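Note: the block below is upload.txt and it holds compact mmCIF, N, CA, C and O atoms.
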```txt
# COMPACT_ATOMS: atom_id res chain seq x y z
N MET F 1 144.58 78.52 78.08
CA MET F 1 144.27 78.46 79.48
C MET F 1 144.63 79.76 80.19
O MET F 1 143.88 80.23 81.02
N ALA F 2 145.75 80.33 79.87
CA ALA F 2 146.16 81.59 80.50
C ALA F 2 145.14 82.69 80.21
O ALA F 2 144.87 83.51 81.06
N LYS F 3 144.58 82.69 79.01
CA LYS F 3 143.60 83.70 78.65
C LYS F 3 142.34 83.57 79.51
O LYS F 3 141.80 84.55 79.99
N HIS F 4 141.88 82.32 79.72
CA HIS F 4 140.70 82.08 80.56
C HIS F 4 140.97 82.54 81.98
O HIS F 4 140.14 83.18 82.60
N TYR F 5 142.16 82.23 82.51
CA TYR F 5 142.51 82.63 83.86
C TYR F 5 142.50 84.14 83.98
O TYR F 5 141.96 84.71 84.90
N SER F 6 143.04 84.81 82.97
CA SER F 6 143.08 86.26 82.97
C SER F 6 141.67 86.85 82.94
O SER F 6 141.37 87.78 83.67
N ALA F 7 140.81 86.31 82.09
CA ALA F 7 139.44 86.81 82.00
C ALA F 7 138.70 86.60 83.32
O ALA F 7 137.95 87.46 83.77
N SER F 8 138.93 85.47 83.95
CA SER F 8 138.31 85.18 85.23
C SER F 8 138.78 86.17 86.30
O SER F 8 137.98 86.69 87.07
N MET F 9 140.08 86.41 86.33
CA MET F 9 140.63 87.36 87.30
C MET F 9 140.12 88.78 87.02
O MET F 9 139.84 89.53 87.95
N ASP F 10 140.01 89.14 85.74
CA ASP F 10 139.49 90.46 85.38
C ASP F 10 138.08 90.64 85.93
O ASP F 10 137.76 91.69 86.49
N ARG F 11 137.25 89.62 85.77
CA ARG F 11 135.86 89.71 86.27
C ARG F 11 135.84 89.83 87.79
O ARG F 11 135.06 90.59 88.35
N THR F 12 136.72 89.08 88.46
CA THR F 12 136.77 89.15 89.92
C THR F 12 137.17 90.53 90.39
O THR F 12 136.49 91.14 91.24
N PHE F 13 138.26 91.06 89.84
CA PHE F 13 138.71 92.38 90.28
C PHE F 13 137.75 93.49 89.86
O PHE F 13 137.58 94.46 90.58
N TRP F 14 137.09 93.32 88.70
CA TRP F 14 136.08 94.29 88.28
C TRP F 14 134.93 94.31 89.29
O TRP F 14 134.46 95.37 89.70
N ALA F 15 134.50 93.14 89.70
CA ALA F 15 133.40 93.05 90.68
C ALA F 15 133.81 93.66 92.01
O ALA F 15 133.02 94.35 92.65
N LEU F 16 135.04 93.44 92.42
CA LEU F 16 135.52 93.94 93.71
C LEU F 16 135.84 95.44 93.69
O LEU F 16 136.03 96.04 94.74
N ALA F 17 135.91 96.03 92.51
CA ALA F 17 136.27 97.44 92.40
C ALA F 17 135.18 98.38 92.91
O ALA F 17 135.45 99.54 93.20
N ASP F 18 133.98 97.90 93.05
CA ASP F 18 132.86 98.73 93.46
C ASP F 18 132.56 98.55 94.94
O ASP F 18 132.43 97.42 95.43
N SER F 19 132.43 99.66 95.67
CA SER F 19 132.21 99.58 97.12
C SER F 19 130.88 98.93 97.49
O SER F 19 130.79 98.23 98.50
N THR F 20 129.85 99.14 96.68
CA THR F 20 128.56 98.50 96.98
C THR F 20 128.68 96.98 96.86
O THR F 20 128.19 96.25 97.72
N ARG F 21 129.36 96.53 95.81
CA ARG F 21 129.51 95.08 95.64
C ARG F 21 130.37 94.48 96.75
O ARG F 21 130.08 93.38 97.23
N ARG F 22 131.41 95.20 97.18
CA ARG F 22 132.20 94.71 98.31
C ARG F 22 131.33 94.65 99.57
O ARG F 22 131.43 93.72 100.37
N GLY F 23 130.47 95.63 99.72
CA GLY F 23 129.55 95.65 100.86
C GLY F 23 128.58 94.47 100.82
O GLY F 23 128.27 93.88 101.86
N VAL F 24 128.11 94.14 99.63
CA VAL F 24 127.21 92.98 99.48
C VAL F 24 127.93 91.72 99.92
O VAL F 24 127.37 90.89 100.66
N LEU F 25 129.17 91.56 99.48
CA LEU F 25 129.93 90.35 99.87
C LEU F 25 130.12 90.30 101.37
O LEU F 25 129.97 89.24 101.99
N GLN F 26 130.44 91.44 101.99
CA GLN F 26 130.60 91.47 103.45
C GLN F 26 129.29 91.10 104.13
O GLN F 26 129.28 90.35 105.10
N ARG F 27 128.21 91.62 103.63
CA ARG F 27 126.90 91.33 104.20
C ARG F 27 126.59 89.84 104.11
O ARG F 27 126.02 89.25 105.03
N LEU F 28 126.99 89.22 102.99
CA LEU F 28 126.73 87.79 102.82
C LEU F 28 127.64 86.92 103.70
O LEU F 28 127.27 85.80 104.03
N ILE F 29 128.78 87.45 104.07
CA ILE F 29 129.63 86.74 105.04
C ILE F 29 128.91 86.72 106.39
O ILE F 29 128.85 85.70 107.06
N ASP F 30 128.38 87.88 106.76
CA ASP F 30 127.70 88.03 108.05
C ASP F 30 126.35 87.33 108.09
O ASP F 30 125.95 86.80 109.12
N GLU F 31 125.62 87.37 106.96
CA GLU F 31 124.28 86.81 106.90
C GLU F 31 124.08 86.06 105.59
O GLU F 31 123.46 86.58 104.65
N PRO F 32 124.60 84.84 105.49
CA PRO F 32 124.45 84.07 104.25
C PRO F 32 122.98 83.80 103.93
O PRO F 32 122.16 83.64 104.82
N GLY F 33 122.66 83.78 102.63
CA GLY F 33 121.31 83.42 102.20
C GLY F 33 120.30 84.54 102.25
O GLY F 33 119.10 84.29 102.18
N LEU F 34 120.78 85.80 102.33
CA LEU F 34 119.84 86.92 102.33
C LEU F 34 119.09 86.98 101.01
O LEU F 34 119.61 86.60 99.96
N SER F 35 117.90 87.52 101.06
CA SER F 35 117.13 87.69 99.83
C SER F 35 117.62 88.94 99.10
O SER F 35 118.22 89.83 99.70
N VAL F 36 117.33 88.98 97.81
CA VAL F 36 117.69 90.15 97.01
C VAL F 36 117.02 91.39 97.59
O VAL F 36 117.63 92.45 97.69
N SER F 37 115.78 91.26 98.02
CA SER F 37 115.05 92.39 98.60
C SER F 37 115.73 92.90 99.87
O SER F 37 115.87 94.11 100.06
N ALA F 38 116.15 91.99 100.73
CA ALA F 38 116.83 92.40 101.97
C ALA F 38 118.15 93.10 101.66
O ALA F 38 118.50 94.09 102.30
N LEU F 39 118.88 92.59 100.68
CA LEU F 39 120.13 93.24 100.28
C LEU F 39 119.86 94.64 99.73
O LEU F 39 120.55 95.60 100.10
N ALA F 40 118.86 94.76 98.88
CA ALA F 40 118.53 96.06 98.28
C ALA F 40 118.16 97.07 99.37
O ALA F 40 118.61 98.21 99.35
N GLU F 41 117.36 96.63 100.33
CA GLU F 41 116.95 97.52 101.44
C GLU F 41 118.15 98.01 102.22
O GLU F 41 118.25 99.18 102.56
N SER F 42 119.09 97.10 102.52
CA SER F 42 120.21 97.48 103.37
C SER F 42 121.16 98.46 102.68
O SER F 42 121.91 99.15 103.34
N PHE F 43 121.10 98.54 101.35
CA PHE F 43 121.94 99.49 100.62
C PHE F 43 121.13 100.64 100.03
O PHE F 43 121.64 101.41 99.22
N SER F 44 119.88 100.75 100.45
CA SER F 44 118.97 101.80 99.96
C SER F 44 118.92 101.83 98.43
O SER F 44 118.95 102.90 97.82
N LEU F 45 118.86 100.65 97.83
CA LEU F 45 118.75 100.54 96.38
C LEU F 45 117.40 99.96 96.01
O LEU F 45 116.81 99.20 96.78
N LYS F 46 116.95 100.29 94.82
CA LYS F 46 115.76 99.64 94.28
C LYS F 46 116.19 98.30 93.71
O LYS F 46 117.37 98.07 93.43
N LEU F 47 115.24 97.39 93.55
CA LEU F 47 115.56 96.05 93.07
C LEU F 47 116.35 96.02 91.75
O LEU F 47 117.32 95.27 91.65
N PRO F 48 116.00 96.84 90.74
CA PRO F 48 116.79 96.80 89.50
C PRO F 48 118.26 97.18 89.71
O PRO F 48 119.15 96.58 89.11
N GLY F 49 118.51 98.15 90.57
CA GLY F 49 119.88 98.55 90.87
C GLY F 49 120.66 97.45 91.56
O GLY F 49 121.82 97.17 91.20
N MET F 50 120.04 96.81 92.54
CA MET F 50 120.70 95.71 93.24
C MET F 50 120.92 94.54 92.30
O MET F 50 121.96 93.89 92.33
N THR F 51 119.95 94.28 91.44
CA THR F 51 120.07 93.18 90.49
C THR F 51 121.28 93.38 89.57
O THR F 51 121.99 92.42 89.26
N LYS F 52 121.53 94.61 89.15
CA LYS F 52 122.70 94.88 88.31
C LYS F 52 124.00 94.55 89.05
O LYS F 52 124.91 93.95 88.48
N HIS F 53 124.08 94.93 90.32
CA HIS F 53 125.26 94.60 91.11
C HIS F 53 125.40 93.09 91.27
O HIS F 53 126.50 92.54 91.16
N LEU F 54 124.28 92.44 91.53
CA LEU F 54 124.31 90.98 91.70
C LEU F 54 124.69 90.27 90.40
O LEU F 54 125.36 89.24 90.43
N ASP F 55 124.29 90.83 89.26
CA ASP F 55 124.68 90.25 87.97
C ASP F 55 126.19 90.28 87.79
O ASP F 55 126.79 89.31 87.32
N VAL F 56 126.82 91.39 88.17
CA VAL F 56 128.28 91.50 88.07
C VAL F 56 128.95 90.49 89.00
O VAL F 56 129.89 89.79 88.61
N LEU F 57 128.45 90.40 90.23
CA LEU F 57 129.02 89.45 91.20
C LEU F 57 128.82 88.01 90.73
O LEU F 57 129.71 87.17 90.87
N SER F 58 127.66 87.73 90.16
CA SER F 58 127.37 86.39 89.66
C SER F 58 128.25 86.05 88.46
O SER F 58 128.76 84.94 88.35
N ASP F 59 128.42 87.01 87.56
CA ASP F 59 129.27 86.81 86.38
C ASP F 59 130.71 86.50 86.80
O ASP F 59 131.39 85.71 86.15
N ALA F 60 131.15 87.09 87.90
CA ALA F 60 132.50 86.83 88.42
C ALA F 60 132.56 85.53 89.21
O ALA F 60 133.63 85.09 89.60
N GLY F 61 131.40 84.92 89.44
CA GLY F 61 131.35 83.67 90.19
C GLY F 61 131.45 83.85 91.69
O GLY F 61 131.65 82.90 92.43
N LEU F 62 131.28 85.10 92.17
CA LEU F 62 131.44 85.40 93.59
C LEU F 62 130.18 85.11 94.41
O LEU F 62 130.25 85.04 95.63
N ILE F 63 129.04 84.98 93.74
CA ILE F 63 127.79 84.66 94.44
C ILE F 63 127.01 83.63 93.63
O ILE F 63 127.25 83.44 92.44
N THR F 64 126.07 82.99 94.32
CA THR F 64 125.07 82.16 93.64
C THR F 64 123.70 82.62 94.12
O THR F 64 123.56 83.11 95.24
N ARG F 65 122.73 82.48 93.25
CA ARG F 65 121.35 82.86 93.58
C ARG F 65 120.49 81.61 93.45
O ARG F 65 120.59 80.88 92.48
N ILE F 66 119.67 81.40 94.46
CA ILE F 66 118.78 80.25 94.48
C ILE F 66 117.35 80.76 94.66
O ILE F 66 117.05 81.45 95.63
N LYS F 67 116.49 80.40 93.70
CA LYS F 67 115.10 80.85 93.75
C LYS F 67 114.23 79.78 94.38
O LYS F 67 114.25 78.63 93.98
N THR F 68 113.49 80.20 95.40
CA THR F 68 112.52 79.34 96.06
C THR F 68 111.19 80.09 96.04
O THR F 68 111.03 81.08 96.76
N GLY F 69 110.29 79.64 95.20
CA GLY F 69 109.03 80.37 95.04
C GLY F 69 109.31 81.71 94.41
O GLY F 69 109.91 81.79 93.35
N ARG F 70 108.92 82.78 95.10
CA ARG F 70 109.15 84.13 94.59
C ARG F 70 110.37 84.79 95.20
O ARG F 70 110.72 85.90 94.85
N THR F 71 111.02 84.10 96.13
CA THR F 71 112.17 84.66 96.83
C THR F 71 113.47 84.14 96.24
O THR F 71 113.63 82.95 96.01
N VAL F 72 114.42 85.06 96.02
CA VAL F 72 115.74 84.69 95.53
C VAL F 72 116.74 84.93 96.65
O VAL F 72 116.91 86.07 97.12
N ALA F 73 117.38 83.85 97.11
CA ALA F 73 118.38 83.94 98.16
C ALA F 73 119.77 84.01 97.52
O ALA F 73 120.02 83.38 96.49
N VAL F 74 120.66 84.77 98.13
CA VAL F 74 122.00 84.98 97.60
C VAL F 74 123.02 84.45 98.60
O VAL F 74 122.93 84.73 99.79
N THR F 75 123.98 83.67 98.10
CA THR F 75 125.05 83.15 98.96
C THR F 75 126.40 83.44 98.31
O THR F 75 126.51 83.59 97.09
N LEU F 76 127.40 83.50 99.15
CA LEU F 76 128.77 83.77 98.72
C LEU F 76 129.40 82.52 98.14
O LEU F 76 129.19 81.42 98.63
N SER F 77 130.18 82.70 97.07
CA SER F 77 130.97 81.62 96.48
C SER F 77 132.43 82.03 96.55
O SER F 77 132.87 82.91 95.79
N PRO F 78 133.20 81.44 97.45
CA PRO F 78 134.55 81.94 97.72
C PRO F 78 135.64 81.58 96.71
O PRO F 78 136.70 82.19 96.71
N ALA F 79 135.41 80.64 95.81
CA ALA F 79 136.49 80.17 94.92
C ALA F 79 137.18 81.28 94.13
O ALA F 79 138.40 81.35 94.13
N PRO F 80 136.45 82.18 93.45
CA PRO F 80 137.14 83.24 92.71
C PRO F 80 137.98 84.15 93.62
O PRO F 80 139.04 84.62 93.24
N MET F 81 137.50 84.39 94.83
CA MET F 81 138.23 85.22 95.77
C MET F 81 139.52 84.51 96.19
O MET F 81 140.56 85.15 96.34
N GLN F 82 139.46 83.20 96.35
CA GLN F 82 140.65 82.44 96.71
C GLN F 82 141.67 82.50 95.59
O GLN F 82 142.87 82.62 95.84
N GLU F 83 141.21 82.45 94.35
CA GLU F 83 142.12 82.58 93.20
C GLU F 83 142.79 83.95 93.20
O GLU F 83 143.99 84.06 92.95
N ALA F 84 142.01 84.99 93.47
CA ALA F 84 142.56 86.34 93.51
C ALA F 84 143.59 86.48 94.63
O ALA F 84 144.64 87.10 94.45
N MET F 85 143.29 85.92 95.79
CA MET F 85 144.23 85.97 96.92
C MET F 85 145.52 85.22 96.59
O MET F 85 146.61 85.68 96.93
N ALA F 86 145.42 84.10 95.94
CA ALA F 86 146.61 83.34 95.55
C ALA F 86 147.46 84.18 94.61
O ALA F 86 148.69 84.21 94.73
N TRP F 87 146.83 84.87 93.68
CA TRP F 87 147.56 85.72 92.74
C TRP F 87 148.24 86.87 93.49
O TRP F 87 149.41 87.17 93.25
N LEU F 88 147.51 87.51 94.40
CA LEU F 88 148.08 88.62 95.18
C LEU F 88 149.21 88.15 96.09
O LEU F 88 150.21 88.86 96.26
N ASN F 89 149.07 86.96 96.65
CA ASN F 89 150.11 86.44 97.55
C ASN F 89 151.44 86.24 96.85
O ASN F 89 152.49 86.31 97.49
N ARG F 90 151.42 85.99 95.56
CA ARG F 90 152.68 85.84 94.82
C ARG F 90 153.49 87.13 94.85
O ARG F 90 154.70 87.11 94.73
N TYR F 91 152.82 88.26 95.01
CA TYR F 91 153.49 89.55 94.99
C TYR F 91 153.76 90.09 96.40
O TYR F 91 154.40 91.13 96.55
N GLU F 92 153.30 89.39 97.39
CA GLU F 92 153.45 89.86 98.77
C GLU F 92 154.91 90.04 99.15
O GLU F 92 155.26 90.98 99.87
N ARG F 93 155.78 89.18 98.68
CA ARG F 93 157.19 89.30 99.05
C ARG F 93 157.78 90.62 98.59
O ARG F 93 158.64 91.20 99.25
N PHE F 94 157.32 91.15 97.46
CA PHE F 94 157.81 92.44 97.00
C PHE F 94 157.36 93.56 97.92
O PHE F 94 158.11 94.48 98.22
N TRP F 95 156.10 93.49 98.37
CA TRP F 95 155.60 94.50 99.30
C TRP F 95 156.32 94.39 100.63
O TRP F 95 156.69 95.40 101.22
N SER F 96 156.51 93.16 101.11
CA SER F 96 157.16 92.96 102.40
C SER F 96 158.58 93.50 102.40
O SER F 96 159.01 94.16 103.34
N VAL F 97 159.33 93.24 101.33
CA VAL F 97 160.71 93.73 101.23
C VAL F 97 160.72 95.25 101.25
O VAL F 97 161.52 95.87 101.95
N SER F 98 159.82 95.88 100.50
CA SER F 98 159.77 97.34 100.46
C SER F 98 159.40 97.91 101.82
O SER F 98 159.97 98.91 102.26
N LEU F 99 158.46 97.28 102.51
CA LEU F 99 158.07 97.76 103.84
C LEU F 99 159.20 97.56 104.84
O LEU F 99 159.43 98.41 105.70
N ASP F 100 159.92 96.44 104.73
CA ASP F 100 161.07 96.21 105.62
C ASP F 100 162.13 97.27 105.40
O ASP F 100 162.72 97.78 106.35
N ARG F 101 162.39 97.63 104.15
CA ARG F 101 163.37 98.68 103.84
C ARG F 101 162.92 100.02 104.41
O ARG F 101 163.71 100.77 104.97
N LEU F 102 161.64 100.34 104.25
CA LEU F 102 161.11 101.59 104.76
C LEU F 102 161.23 101.64 106.28
O LEU F 102 161.64 102.66 106.85
N THR F 103 160.91 100.54 106.94
CA THR F 103 161.03 100.47 108.40
C THR F 103 162.46 100.72 108.82
O THR F 103 162.74 101.48 109.76
N ALA F 104 163.41 100.08 108.14
CA ALA F 104 164.83 100.23 108.46
C ALA F 104 165.27 101.69 108.29
O ALA F 104 166.00 102.23 109.12
N LEU F 105 164.81 102.33 107.21
CA LEU F 105 165.17 103.73 106.97
C LEU F 105 164.60 104.65 108.04
O LEU F 105 165.28 105.56 108.52
N VAL F 106 163.37 104.42 108.42
CA VAL F 106 162.73 105.24 109.46
C VAL F 106 163.43 105.06 110.79
O VAL F 106 163.72 106.02 111.50
N GLU F 107 163.74 103.83 111.13
CA GLU F 107 164.44 103.56 112.39
C GLU F 107 165.83 104.16 112.37
O GLU F 107 166.30 104.71 113.37
N GLN F 108 166.51 104.08 111.24
CA GLN F 108 167.86 104.64 111.10
C GLN F 108 167.82 106.16 111.18
O GLN F 108 168.68 106.78 111.78
N ASP F 109 166.78 106.77 110.60
CA ASP F 109 166.63 108.23 110.62
C ASP F 109 166.36 108.75 112.03
O ASP F 109 166.74 109.85 112.38
N GLY F 110 165.72 107.94 112.84
CA GLY F 110 165.36 108.35 114.21
C GLY F 110 166.50 108.28 115.18
O GLY F 110 166.44 108.83 116.28
N GLU F 111 167.61 107.63 114.82
CA GLU F 111 168.76 107.52 115.73
C GLU F 111 169.61 108.77 115.65
O GLU F 111 169.83 109.32 114.59
N PRO F 112 170.12 109.26 116.83
CA PRO F 112 170.96 110.46 116.82
C PRO F 112 172.33 110.22 116.25
O PRO F 112 172.89 109.25 116.13
```
Translate this structure into structure tokens?
Amino acid sequence: MAKHYSASMDRTFWALADSTRRGVLQRLIDEPGLSVSALAESFSLKLPGMTKHLDVLSDAGLITRIKTGRTVAVTLSPAPMQEAMAWLNRYERFWSVSLDRLTALVEQDGEP
């Protein structure tokens, strides 16, 4: 089970590592159900290029594609992102402690 979880997280973070794919996800938050063509246009990509990005997002489970006739609509699937956030939140206390220490040092340095 741990191996499956790791592979799932790897796919999620791999998908999120690319700025175009992050932009696609943001676009789908703002406008759910956009067509592949509309997404490709907004990123100045040709359909094959956009399809490759969508394949990575789909493989990570971050999007779903629904075909109606000749049009393919894309929607966001938040579950993998929620898993990634839960994983990151476990480490937040380490960041918070470090930032609190840094703040204390800066404030202490500023006193005469």
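Across the model, the gap from atom CA of F:Pro80 to atom CA of F:Arg65 is 15.8 Å.
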Give as a list of chain:residue names each residue that has an atom at most 4.5 Å from (128.2, 82.9, 93.4) in the file, counting only N, CA, C and O atoms. F:Gly61, F:Leu62, F:Ile63, F:Thr64, F:Thr75, F:Ser77
One decimal place gives the atom CA of F:Thr51-atom CA of F:Met85 separation as 26.0 Å
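Closest approach to F:Leu57 from the set F:Thr12, F:Ser37, F:Ser6, F:Gln26 is made by F:Thr12, with distances taken over only C-alpha atoms.
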Separating atom CA of F:Gly33 from atom CA of F:Met9, to the nearest tenth of an Å, is a gap of 24.7 Å
